Amino acid sequence: MRAAVIESPERIIYREVPDPTPGPNDVILRVAAAGLCGTDLHIHHGEYEAIYPIIPGHEFAGTIVAVGSAVADLAPGMRVTADPNIFCHRCAYCRSNKPNQCLNLRAVGVNQDGAFAELVRVPAENIYPIGDLPFTQAAFAEPLGCVVYALQRTEIRPADNVLLFGAGPMGSLLAQAITHAGAARLVVSDISPQRLARIATLGATDTVLAGPRQDATLRQIAPEGFDMVIDATGVPAVVEAGFTYLRPRGKYLFFGVCPAGAQIRVTPYDIFRHDWQIIGSFALSYTIQEAIRWLQTGKVRVESLISHQLPLAEVQHGFEIAQHDQERMKILFLP
Ligand SMILES: [Zn+2]
Ligand SMILES: [Zn+2]
C-alpha cells in the first residue's frame with residue numbers, strides 16, 4: 001500500500017510500505033478520510049512520544065476490509081471510525097475508570113502506524129460504527145470526543161458567560177459544544193478575522209480580534225470577568241493573560257497544547273482568594289460515542305471547518321499548509 005511515513009523528525013515521505021495484517025483481535029480499515037492535527041505536527045517536529053519511522057494520523061474513518069480470527073461482532077464492509085487510544089485495562093488508572101491516564105497508553109498514529117495510509121490496523125475494541133455519516137464528518141469523531149471529555153470535566157452551568165481563545169478547528173468544535181451545553185454568552189478571540197467570521201456562525205455571540213484593542217474590548221463586554229475561560233491556542237502568553245479575565249469562582253480550562261516545558265506566571269494568592277478552578281483535559285476517555293451522536297444529529301456541524309481535502313500523495317504540501325497558513329482550518333487527507 002501507499003502511506004505517508006515520518007522517517008525521522010522533519011522528514012515525511014509518501015511511499016510504498018507492506019500492507020498491515022490483522023492480529024486475532026484487530027481489524028483492518030480502508031481509510032476514507034483522515035484529519036491532520038497539531039499532534040501530527042508535533043510528531044513531525046520530533047516533539048512527541050513517538051517512535052520513528054511512524055505513519056501518523058489518528059483522526060480517521062473508513063470501511064472495514066478484514067477482521068482478525070477472534071473478532072465476532074465486526075465484518076468487512078462496515079463503515080466505522082475509531083478511538084486511537086489503546087488502553088492496557090490492567091493499570092491502576094484503567095482499573096479506576098481513568099483510562100486516558102493509562103500508564104501503558106499507546107495510540108494509533110503515535111506509537112503504532114496510523115491512518116495517513118490506504119490501510120490501517122486498529123484493535124477491534126477501538127472501533128465505532130458510524131451508520132451513514134459521511135466519512136469526512138466521521139473523521140471529526142476523535143477531536144470532538146476530546147471536546148466532549150473536556151466539557152464533562154468542566155461541568156459548565158446554565159447561562160455561564162464563557163471566553164474562548166482560539167477559533168481554529170478545535171475552537172470551532174468547542175464553540176458549538178459550549179453553546180449546546182447552555183452557555184449564555186460565548187466570546188471568542190483569535191488573530192484571524194476570517195476564523196472569527198466563521199465561528200460567529202457556529203455559536204459565538206461576540207468575536208474579538210486579538211491585538212491592541214482586545215483587552216479593553218473584553219473588559220467592556222464582561223467588567224466582572226467570565227464564569228469560564230478556555231484556552232484553545234496552546235500559546236503560553238495567551239494562557240497567562242487568560243487568568244485576568246476570570247471572575248471569582250471562575251473555571252479555567254487548559255485545552256490547547258502548550259509546548260512541553262513552557263512556563264507561565266500565575267499568582268497563587270489570586271487562585272486562593274477567588275476560588276478559581278484550573279482544569280486540565282488530556283485526550284479523551286470513552287467519549288467517541290457522544291461525539292458521533294452530535295455529528296449524526298447535525299448538532300455539531302463540521303463541513304465549514306474543512307479547509308482542504310487533499311490526496312495523500314500531497315501529504316508534504318498538507319503539512320506545509322498546516323504550519324504556515326494562519327487561515328487554514330482542518331486539513332483532510334483522502335487516501
Ligand atoms: Zn488529534
Ligand atoms: Zn492502563
# chains A, B, ... in the order shown; residues from 1 in each chain; ligands from 1
>>> select_by_dssp(residues="region 118-216 of chain A", states="helix (DSSP H, G or I)", output="VMD selection string")
chain A and resid 124 to 126 135 to 138 141 to 154 169 to 180 193 to 199 214 to 216
>>> residues_near_ligand(ligand="ligand 2", cutoff="10 Å", atoms="only C-alpha atoms and all ligand atoms", output="list of chain:residue names")
A:Ile86, A:Phe87, A:Cys88, A:His89, A:Arg90, A:Cys91, A:Ala92, A:Tyr93, A:Cys94, A:Arg95, A:Ser96, A:Asn97, A:Lys98, A:Pro99, A:Asn100, A:Gln101, A:Cys102, A:Leu103, A:Asn104, A:Leu105, A:Arg106
>>> closest_atom_pairs(of="chain A", to="ligand 1", cutoff="7 Å", atoms="only C-alpha atoms and all ligand atoms", output="tab-separated table")
residue	atom	partner	partner_atom_place_in_ligand_line	distance
A:Cys37	CA	ligand 1	1 (Zn)	4.5
A:Gly38	CA	ligand 1	1 (Zn)	6.4
A:Thr39	CA	ligand 1	1 (Zn)	5.7
A:His58	CA	ligand 1	1 (Zn)	6.2
A:Glu59	CA	ligand 1	1 (Zn)	6.0
A:Glu142	CA	ligand 1	1 (Zn)	6.9
A:Pro143	CA	ligand 1	1 (Zn)	5.6
>>> write_last_selection(atoms="all heavy atoms", output="PDB file, in the first residue's frame")
ATOM      1  N   CYS A  37      -3.754  16.918  12.496  1.00  0.00           N
ATOM      2  CA  CYS A  37      -3.964  17.528  13.806  1.00  0.00           C
ATOM      3  C   CYS A  37      -2.631  18.055  14.326  1.00  0.00           C
ATOM      4  O   CYS A  37      -1.562  17.659  13.858  1.00  0.00           O
ATOM      5  CB  CYS A  37      -4.571  16.468  14.719  1.00  0.00           C
ATOM      6  SG  CYS A  37      -4.262  16.613  16.460  1.00  0.00           S
ATOM      7  N   GLY A  38      -2.693  18.942  15.301  1.00  0.00           N
ATOM      8  CA  GLY A  38      -1.477  19.500  15.884  1.00  0.00           C
ATOM      9  C   GLY A  38      -0.523  18.429  16.385  1.00  0.00           C
ATOM     10  O   GLY A  38       0.696  18.578  16.311  1.00  0.00           O
ATOM     11  N   THR A  39      -1.080  17.324  16.891  1.00  0.00           N
ATOM     12  CA  THR A  39      -0.230  16.236  17.377  1.00  0.00           C
ATOM     13  C   THR A  39       0.636  15.670  16.246  1.00  0.00           C
ATOM     14  O   THR A  39       1.808  15.344  16.452  1.00  0.00           O
ATOM     15  CB  THR A  39      -1.110  15.122  17.990  1.00  0.00           C
ATOM     16  OG1 THR A  39      -1.888  15.706  19.041  1.00  0.00           O
ATOM     17  CG2 THR A  39      -0.267  14.003  18.553  1.00  0.00           C
ATOM     18  N   HIS A  58      -4.400   9.973  13.459  1.00  0.00           N
ATOM     19  CA  HIS A  58      -5.203   9.311  14.498  1.00  0.00           C
ATOM     20  C   HIS A  58      -6.654   9.765  14.479  1.00  0.00           C
ATOM     21  O   HIS A  58      -7.435   9.389  15.334  1.00  0.00           O
ATOM     22  CB  HIS A  58      -4.587   9.569  15.882  1.00  0.00           C
ATOM     23  CG  HIS A  58      -4.470  11.023  16.193  1.00  0.00           C
ATOM     24  ND1 HIS A  58      -3.402  11.782  15.816  1.00  0.00           N
ATOM     25  CD2 HIS A  58      -5.332  11.875  16.806  1.00  0.00           C
ATOM     26  CE1 HIS A  58      -3.595  13.033  16.200  1.00  0.00           C
ATOM     27  NE2 HIS A  58      -4.754  13.114  16.795  1.00  0.00           N
ATOM     28  N   GLU A  59      -7.035  10.632  13.511  1.00  0.00           N
ATOM     29  CA  GLU A  59      -8.430  11.083  13.381  1.00  0.00           C
ATOM     30  C   GLU A  59      -8.906  10.577  12.021  1.00  0.00           C
ATOM     31  O   GLU A  59      -8.537  11.161  10.999  1.00  0.00           O
ATOM     32  CB  GLU A  59      -8.484  12.612  13.395  1.00  0.00           C
ATOM     33  CG  GLU A  59      -7.804  13.250  14.600  1.00  0.00           C
ATOM     34  CD  GLU A  59      -7.789  14.781  14.531  1.00  0.00           C
ATOM     35  OE1 GLU A  59      -8.254  15.365  13.522  1.00  0.00           O
ATOM     36  OE2 GLU A  59      -7.299  15.384  15.492  1.00  0.00           O
ATOM     37  N   GLU A 142     -12.934  11.857  16.705  1.00  0.00           N
ATOM     38  CA  GLU A 142     -11.882  11.865  17.741  1.00  0.00           C
ATOM     39  C   GLU A 142     -11.673  13.263  18.322  1.00  0.00           C
ATOM     40  O   GLU A 142     -11.737  13.447  19.543  1.00  0.00           O
ATOM     41  CB  GLU A 142     -10.581  11.265  17.185  1.00  0.00           C
ATOM     42  CG  GLU A 142      -9.554  10.944  18.253  1.00  0.00           C
ATOM     43  CD  GLU A 142      -8.629  12.099  18.608  1.00  0.00           C
ATOM     44  OE1 GLU A 142      -8.596  13.092  17.859  1.00  0.00           O
ATOM     45  OE2 GLU A 142      -7.944  12.024  19.635  1.00  0.00           O
ATOM     46  N   PRO A 143     -11.413  14.289  17.481  1.00  0.00           N
ATOM     47  CA  PRO A 143     -11.260  15.625  18.098  1.00  0.00           C
ATOM     48  C   PRO A 143     -12.513  16.072  18.858  1.00  0.00           C
ATOM     49  O   PRO A 143     -12.410  16.682  19.927  1.00  0.00           O
ATOM     50  CB  PRO A 143     -10.955  16.550  16.909  1.00  0.00           C
ATOM     51  CG  PRO A 143     -11.255  15.770  15.678  1.00  0.00           C
ATOM     52  CD  PRO A 143     -11.144  14.325  16.032  1.00  0.00           C
TER      53      PRO A 143
END
>>> closest_residue(among="A:Val80, A:Leu209, A:Val229, A:Leu312", to="Ile331 (chain A)", atoms="only C-alpha atoms")
A:Leu312
>>> atom_distance(atom1="CA of Val235 (chain A)", atom2="CA of Val257 (chain A)")
7.9 Å
>>> residues_around(residues="Arg249 (chain A)", least_positions_apart="2", cutoff="9 Å", atoms="only C-alpha atoms", output="number ranges by chain")
A: 227, 246-247, 251, 274-277
>>> write_last_selection(atoms="C-alpha atoms", output="compact mmCIF listing (two decimals), in the first residue's frame")
# COMPACT_ATOMS: atom_id res chain seq x y z
CA ASP A 227 -17.50 32.32 34.56
CA LEU A 246 -11.72 35.08 35.26
CA ARG A 247 -14.35 36.20 37.75
CA LYS A 251 -13.10 27.96 35.95
CA HIS A 274 -11.12 33.99 44.07
CA ASP A 275 -11.93 30.25 44.45
CA TRP A 276 -10.62 29.65 40.94
CA GLN A 277 -10.56 26.18 39.43
>>> residues_around(residues="region 14-27 of chain A", least_positions_apart="4", cutoff="6 Å", atoms="only C-alpha atoms", output="list in words")
Met1, Arg2, Ala3, Ala4, Ala66, Val67, Gly68, Ser69, Ala70, Val71, Arg121, Val122, Pro123 and Ala124 of chain A
>>> write_last_selection(atoms="all heavy atoms", output="PDB file, in the first residue's frame")
ATOM      1  N   MET A   1       0.850  -1.194   0.000  1.00  0.00           N
ATOM      2  CA  MET A   1       0.000   0.000   0.000  1.00  0.00           C
ATOM      3  C   MET A   1       0.881   1.238   0.000  1.00  0.00           C
ATOM      4  O   MET A   1       2.084   1.189   0.285  1.00  0.00           O
ATOM      5  CB  MET A   1      -0.908  -0.003   1.237  1.00  0.00           C
ATOM      6  CG  MET A   1      -0.167   0.217   2.553  1.00  0.00           C
ATOM      7  SD  MET A   1      -1.303   0.608   3.908  1.00  0.00           S
ATOM      8  CE  MET A   1      -0.158   0.734   5.278  1.00  0.00           C
ATOM      9  N   ARG A   2       0.269   2.397  -0.269  1.00  0.00           N
ATOM     10  CA  ARG A   2       0.966   3.673  -0.178  1.00  0.00           C
ATOM     11  C   ARG A   2       0.649   4.309   1.179  1.00  0.00           C
ATOM     12  O   ARG A   2      -0.474   4.197   1.682  1.00  0.00           O
ATOM     13  CB  ARG A   2       0.525   4.628  -1.304  1.00  0.00           C
ATOM     14  CG  ARG A   2       0.660   4.056  -2.696  1.00  0.00           C
ATOM     15  CD  ARG A   2       2.098   3.927  -3.147  1.00  0.00           C
ATOM     16  NE  ARG A   2       2.677   5.229  -3.489  1.00  0.00           N
ATOM     17  CZ  ARG A   2       3.949   5.382  -3.904  1.00  0.00           C
ATOM     18  NH1 ARG A   2       4.746   4.325  -3.998  1.00  0.00           N
ATOM     19  NH2 ARG A   2       4.417   6.568  -4.208  1.00  0.00           N
ATOM     20  N   ALA A   3       1.637   4.971   1.753  1.00  0.00           N
ATOM     21  CA  ALA A   3       1.447   5.600   3.054  1.00  0.00           C
ATOM     22  C   ALA A   3       2.393   6.795   3.184  1.00  0.00           C
ATOM     23  O   ALA A   3       3.405   6.881   2.480  1.00  0.00           O
ATOM     24  CB  ALA A   3       1.720   4.608   4.179  1.00  0.00           C
ATOM     25  N   ALA A   4       2.033   7.708   4.094  1.00  0.00           N
ATOM     26  CA  ALA A   4       2.924   8.818   4.444  1.00  0.00           C
ATOM     27  C   ALA A   4       3.707   8.392   5.685  1.00  0.00           C
ATOM     28  O   ALA A   4       3.114   8.108   6.726  1.00  0.00           O
ATOM     29  CB  ALA A   4       2.119  10.069   4.731  1.00  0.00           C
ATOM     30  N   ALA A  66     -10.945  -6.237   6.590  1.00  0.00           N
ATOM     31  CA  ALA A  66     -10.544  -7.548   7.108  1.00  0.00           C
ATOM     32  C   ALA A  66     -10.685  -7.531   8.624  1.00  0.00           C
ATOM     33  O   ALA A  66     -10.533  -6.479   9.253  1.00  0.00           O
ATOM     34  CB  ALA A  66      -9.097  -7.861   6.730  1.00  0.00           C
ATOM     35  N   VAL A  67     -10.998  -8.679   9.208  1.00  0.00           N
ATOM     36  CA  VAL A  67     -11.088  -8.787  10.666  1.00  0.00           C
ATOM     37  C   VAL A  67     -10.264  -9.975  11.143  1.00  0.00           C
ATOM     38  O   VAL A  67     -10.110 -10.970  10.419  1.00  0.00           O
ATOM     39  CB  VAL A  67     -12.551  -8.929  11.165  1.00  0.00           C
ATOM     40  CG1 VAL A  67     -13.407  -7.761  10.696  1.00  0.00           C
ATOM     41  CG2 VAL A  67     -13.167 -10.243  10.711  1.00  0.00           C
ATOM     42  N   GLY A  68      -9.716  -9.867  12.377  1.00  0.00           N
ATOM     43  CA  GLY A  68      -8.924 -10.940  12.951  1.00  0.00           C
ATOM     44  C   GLY A  68      -9.793 -12.150  13.310  1.00  0.00           C
ATOM     45  O   GLY A  68     -11.030 -12.035  13.391  1.00  0.00           O
ATOM     46  N   SER A  69      -9.122 -13.264  13.587  1.00  0.00           N
ATOM     47  CA  SER A  69      -9.840 -14.529  13.795  1.00  0.00           C
ATOM     48  C   SER A  69     -10.740 -14.499  15.026  1.00  0.00           C
ATOM     49  O   SER A  69     -11.730 -15.230  15.093  1.00  0.00           O
ATOM     50  CB  SER A  69      -8.816 -15.665  13.919  1.00  0.00           C
ATOM     51  OG  SER A  69      -7.898 -15.361  14.958  1.00  0.00           O
ATOM     52  N   ALA A  70     -10.419 -13.644  16.018  1.00  0.00           N
ATOM     53  CA  ALA A  70     -11.222 -13.631  17.251  1.00  0.00           C
ATOM     54  C   ALA A  70     -12.296 -12.539  17.240  1.00  0.00           C
ATOM     55  O   ALA A  70     -12.974 -12.325  18.246  1.00  0.00           O
ATOM     56  CB  ALA A  70     -10.302 -13.441  18.456  1.00  0.00           C
ATOM     57  N   VAL A  71     -12.436 -11.834  16.130  1.00  0.00           N
ATOM     58  CA  VAL A  71     -13.397 -10.721  16.077  1.00  0.00           C
ATOM     59  C   VAL A  71     -14.733 -11.239  15.543  1.00  0.00           C
ATOM     60  O   VAL A  71     -14.819 -11.690  14.397  1.00  0.00           O
ATOM     61  CB  VAL A  71     -12.886  -9.578  15.176  1.00  0.00           C
ATOM     62  CG1 VAL A  71     -13.922  -8.457  15.094  1.00  0.00           C
ATOM     63  CG2 VAL A  71     -11.559  -9.044  15.713  1.00  0.00           C
ATOM     64  N   ARG A 121      -4.364  -0.647  10.710  1.00  0.00           N
ATOM     65  CA  ARG A 121      -4.725  -1.724  11.648  1.00  0.00           C
ATOM     66  C   ARG A 121      -5.158  -1.095  12.969  1.00  0.00           C
ATOM     67  O   ARG A 121      -4.456  -0.235  13.508  1.00  0.00           O
ATOM     68  CB  ARG A 121      -3.515  -2.626  11.867  1.00  0.00           C
ATOM     69  CG  ARG A 121      -3.733  -3.745  12.889  1.00  0.00           C
ATOM     70  CD  ARG A 121      -2.539  -4.696  12.933  1.00  0.00           C
ATOM     71  NE  ARG A 121      -1.314  -4.040  13.397  1.00  0.00           N
ATOM     72  CZ  ARG A 121      -0.913  -4.024  14.685  1.00  0.00           C
ATOM     73  NH1 ARG A 121      -1.629  -4.611  15.619  1.00  0.00           N
ATOM     74  NH2 ARG A 121       0.206  -3.409  15.011  1.00  0.00           N
ATOM     75  N   VAL A 122      -6.310  -1.532  13.489  1.00  0.00           N
ATOM     76  CA  VAL A 122      -6.871  -0.973  14.726  1.00  0.00           C
ATOM     77  C   VAL A 122      -7.411  -2.124  15.580  1.00  0.00           C
ATOM     78  O   VAL A 122      -8.030  -3.047  15.036  1.00  0.00           O
ATOM     79  CB  VAL A 122      -8.045  -0.001  14.409  1.00  0.00           C
ATOM     80  CG1 VAL A 122      -8.573   0.642  15.673  1.00  0.00           C
ATOM     81  CG2 VAL A 122      -7.625   1.068  13.410  1.00  0.00           C
ATOM     82  N   PRO A 123      -7.205  -2.093  16.910  1.00  0.00           N
ATOM     83  CA  PRO A 123      -7.857  -3.110  17.746  1.00  0.00           C
ATOM     84  C   PRO A 123      -9.378  -3.042  17.575  1.00  0.00           C
ATOM     85  O   PRO A 123      -9.948  -1.940  17.541  1.00  0.00           O
ATOM     86  CB  PRO A 123      -7.456  -2.716  19.169  1.00  0.00           C
ATOM     87  CG  PRO A 123      -6.220  -1.882  19.014  1.00  0.00           C
ATOM     88  CD  PRO A 123      -6.386  -1.165  17.703  1.00  0.00           C
ATOM     89  N   ALA A 124     -10.009  -4.196  17.499  1.00  0.00           N
ATOM     90  CA  ALA A 124     -11.466  -4.226  17.280  1.00  0.00           C
ATOM     91  C   ALA A 124     -12.205  -3.471  18.376  1.00  0.00           C
ATOM     92  O   ALA A 124     -13.229  -2.828  18.115  1.00  0.00           O
ATOM     93  CB  ALA A 124     -11.947  -5.677  17.216  1.00  0.00           C
TER      94      ALA A 124
END
>>> select_by_dssp(residues="region 122-286 of chain A", states="strand (DSSP E)", output="number ranges by chain")
A: 122-123, 127-129, 161-165, 185-190, 206-209, 226-231, 246-254, 277-280
>>> write_last_selection(atoms="N, CA and C atoms", output="mmCIF file, in the first residue's frame")
data_model
loop_
_atom_site.group_PDB
_atom_site.id
_atom_site.type_symbol
_atom_site.label_atom_id
_atom_site.label_comp_id
_atom_site.auth_asym_id
_atom_site.auth_seq_id
_atom_site.Cartn_x
_atom_site.Cartn_y
_atom_site.Cartn_z
ATOM 1 N N VAL A 122 -6.310 -1.532 13.489
ATOM 2 C CA VAL A 122 -6.871 -0.973 14.726
ATOM 3 C C VAL A 122 -7.411 -2.124 15.580
ATOM 4 N N PRO A 123 -7.205 -2.093 16.910
ATOM 5 C CA PRO A 123 -7.857 -3.110 17.746
ATOM 6 C C PRO A 123 -9.378 -3.042 17.575
ATOM 7 N N ILE A 127 -13.151 0.223 17.731
ATOM 8 C CA ILE A 127 -13.953 0.562 16.551
ATOM 9 C C ILE A 127 -15.354 1.035 16.942
ATOM 10 N N TYR A 128 -15.847 2.070 16.257
ATOM 11 C CA TYR A 128 -17.202 2.586 16.458
ATOM 12 C C TYR A 128 -17.915 2.695 15.103
ATOM 13 N N PRO A 129 -19.017 1.986 14.919
ATOM 14 C CA PRO A 129 -19.778 2.131 13.672
ATOM 15 C C PRO A 129 -20.350 3.540 13.539
ATOM 16 N N ASN A 161 -21.211 32.675 31.309
ATOM 17 C CA ASN A 161 -20.535 33.517 30.313
ATOM 18 C C ASN A 161 -19.136 32.955 30.094
ATOM 19 N N VAL A 162 -18.813 32.679 28.833
ATOM 20 C CA VAL A 162 -17.583 31.956 28.520
ATOM 21 C C VAL A 162 -16.709 32.778 27.580
ATOM 22 N N LEU A 163 -15.411 32.768 27.856
ATOM 23 C CA LEU A 163 -14.430 33.397 26.969
ATOM 24 C C LEU A 163 -13.530 32.303 26.412
ATOM 25 N N LEU A 164 -13.450 32.242 25.078
ATOM 26 C CA LEU A 164 -12.659 31.203 24.406
ATOM 27 C C LEU A 164 -11.567 31.863 23.571
ATOM 28 N N PHE A 165 -10.328 31.463 23.811
ATOM 29 C CA PHE A 165 -9.217 31.921 22.975
ATOM 30 C C PHE A 165 -8.916 30.851 21.931
ATOM 31 N N ARG A 185 -23.393 33.707 27.082
ATOM 32 C CA ARG A 185 -22.564 34.496 26.183
ATOM 33 C C ARG A 185 -21.300 33.708 25.897
ATOM 34 N N LEU A 186 -20.913 33.648 24.633
ATOM 35 C CA LEU A 186 -19.675 32.976 24.259
ATOM 36 C C LEU A 186 -18.844 33.955 23.441
ATOM 37 N N VAL A 187 -17.812 34.477 24.068
ATOM 38 C CA VAL A 187 -16.940 35.466 23.434
ATOM 39 C C VAL A 187 -15.697 34.741 22.932
ATOM 40 N N VAL A 188 -15.367 34.927 21.652
ATOM 41 C CA VAL A 188 -14.223 34.220 21.082
ATOM 42 C C VAL A 188 -13.205 35.227 20.562
ATOM 43 N N SER A 189 -11.937 34.998 20.885
ATOM 44 C CA SER A 189 -10.857 35.866 20.420
ATOM 45 C C SER A 189 -9.871 35.048 19.595
ATOM 46 N N ASP A 190 -9.393 35.637 18.495
ATOM 47 C CA ASP A 190 -8.434 34.952 17.614
ATOM 48 C C ASP A 190 -7.682 36.023 16.828
ATOM 49 N N ASP A 206 -20.070 36.910 20.522
ATOM 50 C CA ASP A 206 -19.211 38.072 20.299
ATOM 51 C C ASP A 206 -17.869 37.557 19.793
ATOM 52 N N THR A 207 -17.248 38.296 18.875
ATOM 53 C CA THR A 207 -15.896 37.932 18.443
ATOM 54 C C THR A 207 -14.992 39.151 18.612
ATOM 55 N N VAL A 208 -13.772 38.888 19.055
ATOM 56 C CA VAL A 208 -12.831 39.966 19.362
ATOM 57 C C VAL A 208 -11.494 39.639 18.709
ATOM 58 N N LEU A 209 -11.050 40.512 17.822
ATOM 59 C CA LEU A 209 -9.776 40.303 17.148
ATOM 60 C C LEU A 209 -8.627 40.533 18.132
ATOM 61 N N PHE A 226 -15.318 36.533 33.402
ATOM 62 C CA PHE A 226 -16.116 35.435 32.853
ATOM 63 C C PHE A 226 -16.212 34.272 33.842
ATOM 64 N N ASP A 227 -17.333 33.533 33.735
ATOM 65 C CA ASP A 227 -17.503 32.324 34.556
ATOM 66 C C ASP A 227 -16.516 31.243 34.140
ATOM 67 N N MET A 228 -16.190 31.243 32.855
ATOM 68 C CA MET A 228 -15.264 30.239 32.358
ATOM 69 C C MET A 228 -14.379 30.841 31.272
ATOM 70 N N VAL A 229 -13.089 30.548 31.362
ATOM 71 C CA VAL A 229 -12.145 30.931 30.316
ATOM 72 C C VAL A 229 -11.560 29.637 29.759
ATOM 73 N N ILE A 230 -11.459 29.566 28.446
ATOM 74 C CA ILE A 230 -10.920 28.366 27.805
ATOM 75 C C ILE A 230 -9.794 28.770 26.873
ATOM 76 N N ASP A 231 -8.640 28.146 27.031
ATOM 77 C CA ASP A 231 -7.582 28.356 26.053
ATOM 78 C C ASP A 231 -7.580 27.211 25.054
ATOM 79 N N LEU A 246 -10.889 35.990 34.463
ATOM 80 C CA LEU A 246 -11.721 35.076 35.264
ATOM 81 C C LEU A 246 -12.383 35.836 36.406
ATOM 82 N N ARG A 247 -13.678 35.599 36.596
ATOM 83 C CA ARG A 247 -14.347 36.201 37.748
ATOM 84 C C ARG A 247 -14.168 35.280 38.967
ATOM 85 N N PRO A 248 -14.467 35.774 40.153
ATOM 86 C CA PRO A 248 -14.413 34.896 41.323
ATOM 87 C C PRO A 248 -15.290 33.648 41.117
ATOM 88 N N ARG A 249 -14.838 32.510 41.608
ATOM 89 C CA ARG A 249 -15.464 31.201 41.401
ATOM 90 C C ARG A 249 -15.358 30.724 39.958
ATOM 91 N N GLY A 250 -14.554 31.405 39.150
ATOM 92 C CA GLY A 250 -14.436 31.046 37.735
ATOM 93 C C GLY A 250 -13.632 29.771 37.527
ATOM 94 N N LYS A 251 -13.821 29.173 36.332
ATOM 95 C CA LYS A 251 -13.095 27.956 35.948
ATOM 96 C C LYS A 251 -12.245 28.259 34.722
ATOM 97 N N TYR A 252 -11.047 27.711 34.721
ATOM 98 C CA TYR A 252 -10.146 27.931 33.593
ATOM 99 C C TYR A 252 -9.790 26.574 32.999
ATOM 100 N N LEU A 253 -10.222 26.357 31.772
ATOM 101 C CA LEU A 253 -9.947 25.096 31.083
ATOM 102 C C LEU A 253 -8.716 25.240 30.193
ATOM 103 N N PHE A 254 -7.704 24.432 30.470
ATOM 104 C CA PHE A 254 -6.496 24.395 29.632
ATOM 105 C C PHE A 254 -6.706 23.316 28.574
ATOM 106 N N GLN A 277 -10.877 27.574 39.762
ATOM 107 C CA GLN A 277 -10.564 26.178 39.431
ATOM 108 C C GLN A 277 -9.782 26.139 38.123
ATOM 109 N N ILE A 278 -8.696 25.388 38.102
ATOM 110 C CA ILE A 278 -7.909 25.201 36.886
ATOM 111 C C ILE A 278 -8.077 23.744 36.464
ATOM 112 N N ILE A 279 -8.540 23.549 35.232
ATOM 113 C CA ILE A 279 -8.912 22.204 34.792
ATOM 114 C C ILE A 279 -8.106 21.825 33.553
ATOM 115 N N GLY A 280 -7.359 20.742 33.665
ATOM 116 C CA GLY A 280 -6.676 20.198 32.500
ATOM 117 C C GLY A 280 -7.575 19.191 31.814
#
>>> residues_around(residues="Gly145 (chain A)", least_positions_apart="5", cutoff="12 Å", atoms="only C-alpha atoms", output="PyMOL selection string")
chain A and resi 59+81-85+138-140+150-152+170+173-174+177+281-295+300
>>> residues_around(residues="Gln309 (chain A)", least_positions_apart="2", cutoff="8 Å", atoms="only C-alpha atoms", output="ChimeraX atom specification")
/A:306-307,311,331-334
>>> write_last_selection(atoms="all heavy atoms", output="JSON list (two decimals), in the first residue's frame")
[["chain", "number", "residue", "atom", "x", "y", "z"],
["A", 306, "ILE", "N", -13.68, 22.28, 7.34],
["A", 306, "ILE", "CA", -12.73, 21.61, 6.45],
["A", 306, "ILE", "C", -12.25, 22.62, 5.42],
["A", 306, "ILE", "O", -13.02, 23.06, 4.57],
["A", 306, "ILE", "CB", -13.38, 20.41, 5.74],
["A", 306, "ILE", "CG1", -13.96, 19.42, 6.76],
["A", 306, "ILE", "CG2", -12.37, 19.72, 4.81],
["A", 306, "ILE", "CD1", -14.87, 18.35, 6.14],
["A", 307, "SER", "N", -10.98, 23.02, 5.51],
["A", 307, "SER", "CA", -10.49, 23.99, 4.52],
["A", 307, "SER", "C", -9.78, 23.32, 3.36],
["A", 307, "SER", "O", -9.69, 23.88, 2.28],
["A", 307, "SER", "CB", -9.55, 25.01, 5.18],
["A", 307, "SER", "OG", -8.42, 24.37, 5.72],
["A", 311, "PRO", "N", -5.38, 14.63, -1.72],
["A", 311, "PRO", "CA", -4.96, 13.23, -1.85],
["A", 311, "PRO", "C", -3.73, 13.01, -0.98],
["A", 311, "PRO", "O", -2.94, 13.95, -0.76],
["A", 311, "PRO", "CB", -4.62, 13.09, -3.33],
["A", 311, "PRO", "CG", -4.42, 14.48, -3.84],
["A", 311, "PRO", "CD", -5.20, 15.41, -2.96],
["A", 331, "ILE", "N", -7.39, 20.13, 7.74],
["A", 331, "ILE", "CA", -6.90, 19.54, 6.51],
["A", 331, "ILE", "C", -7.21, 18.05, 6.55],
["A", 331, "ILE", "O", -6.79, 17.36, 7.50],
["A", 331, "ILE", "CB", -5.40, 19.79, 6.35],
["A", 331, "ILE", "CG1", -5.12, 21.29, 6.28],
["A", 331, "ILE", "CG2", -4.84, 19.05, 5.14],
["A", 331, "ILE", "CD1", -3.66, 21.67, 6.47],
["A", 332, "LEU", "N", -7.94, 17.56, 5.55],
["A", 332, "LEU", "CA", -8.25, 16.13, 5.48],
["A", 332, "LEU", "C", -7.47, 15.51, 4.34],
["A", 332, "LEU", "O", -7.41, 16.08, 3.25],
["A", 332, "LEU", "CB", -9.75, 15.89, 5.23],
["A", 332, "LEU", "CG", -10.75, 16.22, 6.33],
["A", 332, "LEU", "CD1", -12.16, 15.81, 5.87],
["A", 332, "LEU", "CD2", -10.42, 15.53, 7.64],
["A", 333, "PHE", "N", -6.89, 14.35, 4.59],
["A", 333, "PHE", "CA", -6.29, 13.55, 3.52],
["A", 333, "PHE", "C", -7.28, 12.46, 3.12],
["A", 333, "PHE", "O", -7.91, 11.83, 3.99],
["A", 333, "PHE", "CB", -4.98, 12.91, 3.97],
["A", 333, "PHE", "CG", -3.91, 13.92, 4.24],
["A", 333, "PHE", "CD1", -3.40, 14.09, 5.53],
["A", 333, "PHE", "CD2", -3.40, 14.72, 3.22],
["A", 333, "PHE", "CE1", -2.42, 15.04, 5.80],
["A", 333, "PHE", "CE2", -2.40, 15.67, 3.49],
["A", 333, "PHE", "CZ", -1.92, 15.83, 4.76],
["A", 334, "LEU", "N", -7.44, 12.27, 1.82],
["A", 334, "LEU", "CA", -8.34, 11.25, 1.30],
["A", 334, "LEU", "C", -7.50, 10.21, 0.58],
["A", 334, "LEU", "O", -7.22, 10.37, -0.60],
["A", 334, "LEU", "CB", -9.37, 11.89, 0.35],
["A", 334, "LEU", "CG", -10.09, 13.15, 0.90],
["A", 334, "LEU", "CD1", -11.00, 13.74, -0.15],
["A", 334, "LEU", "CD2", -10.89, 12.81, 2.15]]
>>> atom_distance(atom1="CA of Ser8 (chain A)", atom2="CA of Ala322 (chain A)")
18.7 Å
>>> atom_distance(atom1="CA of Phe243 (chain A)", atom2="CA of Thr267 (chain A)")
9.3 Å
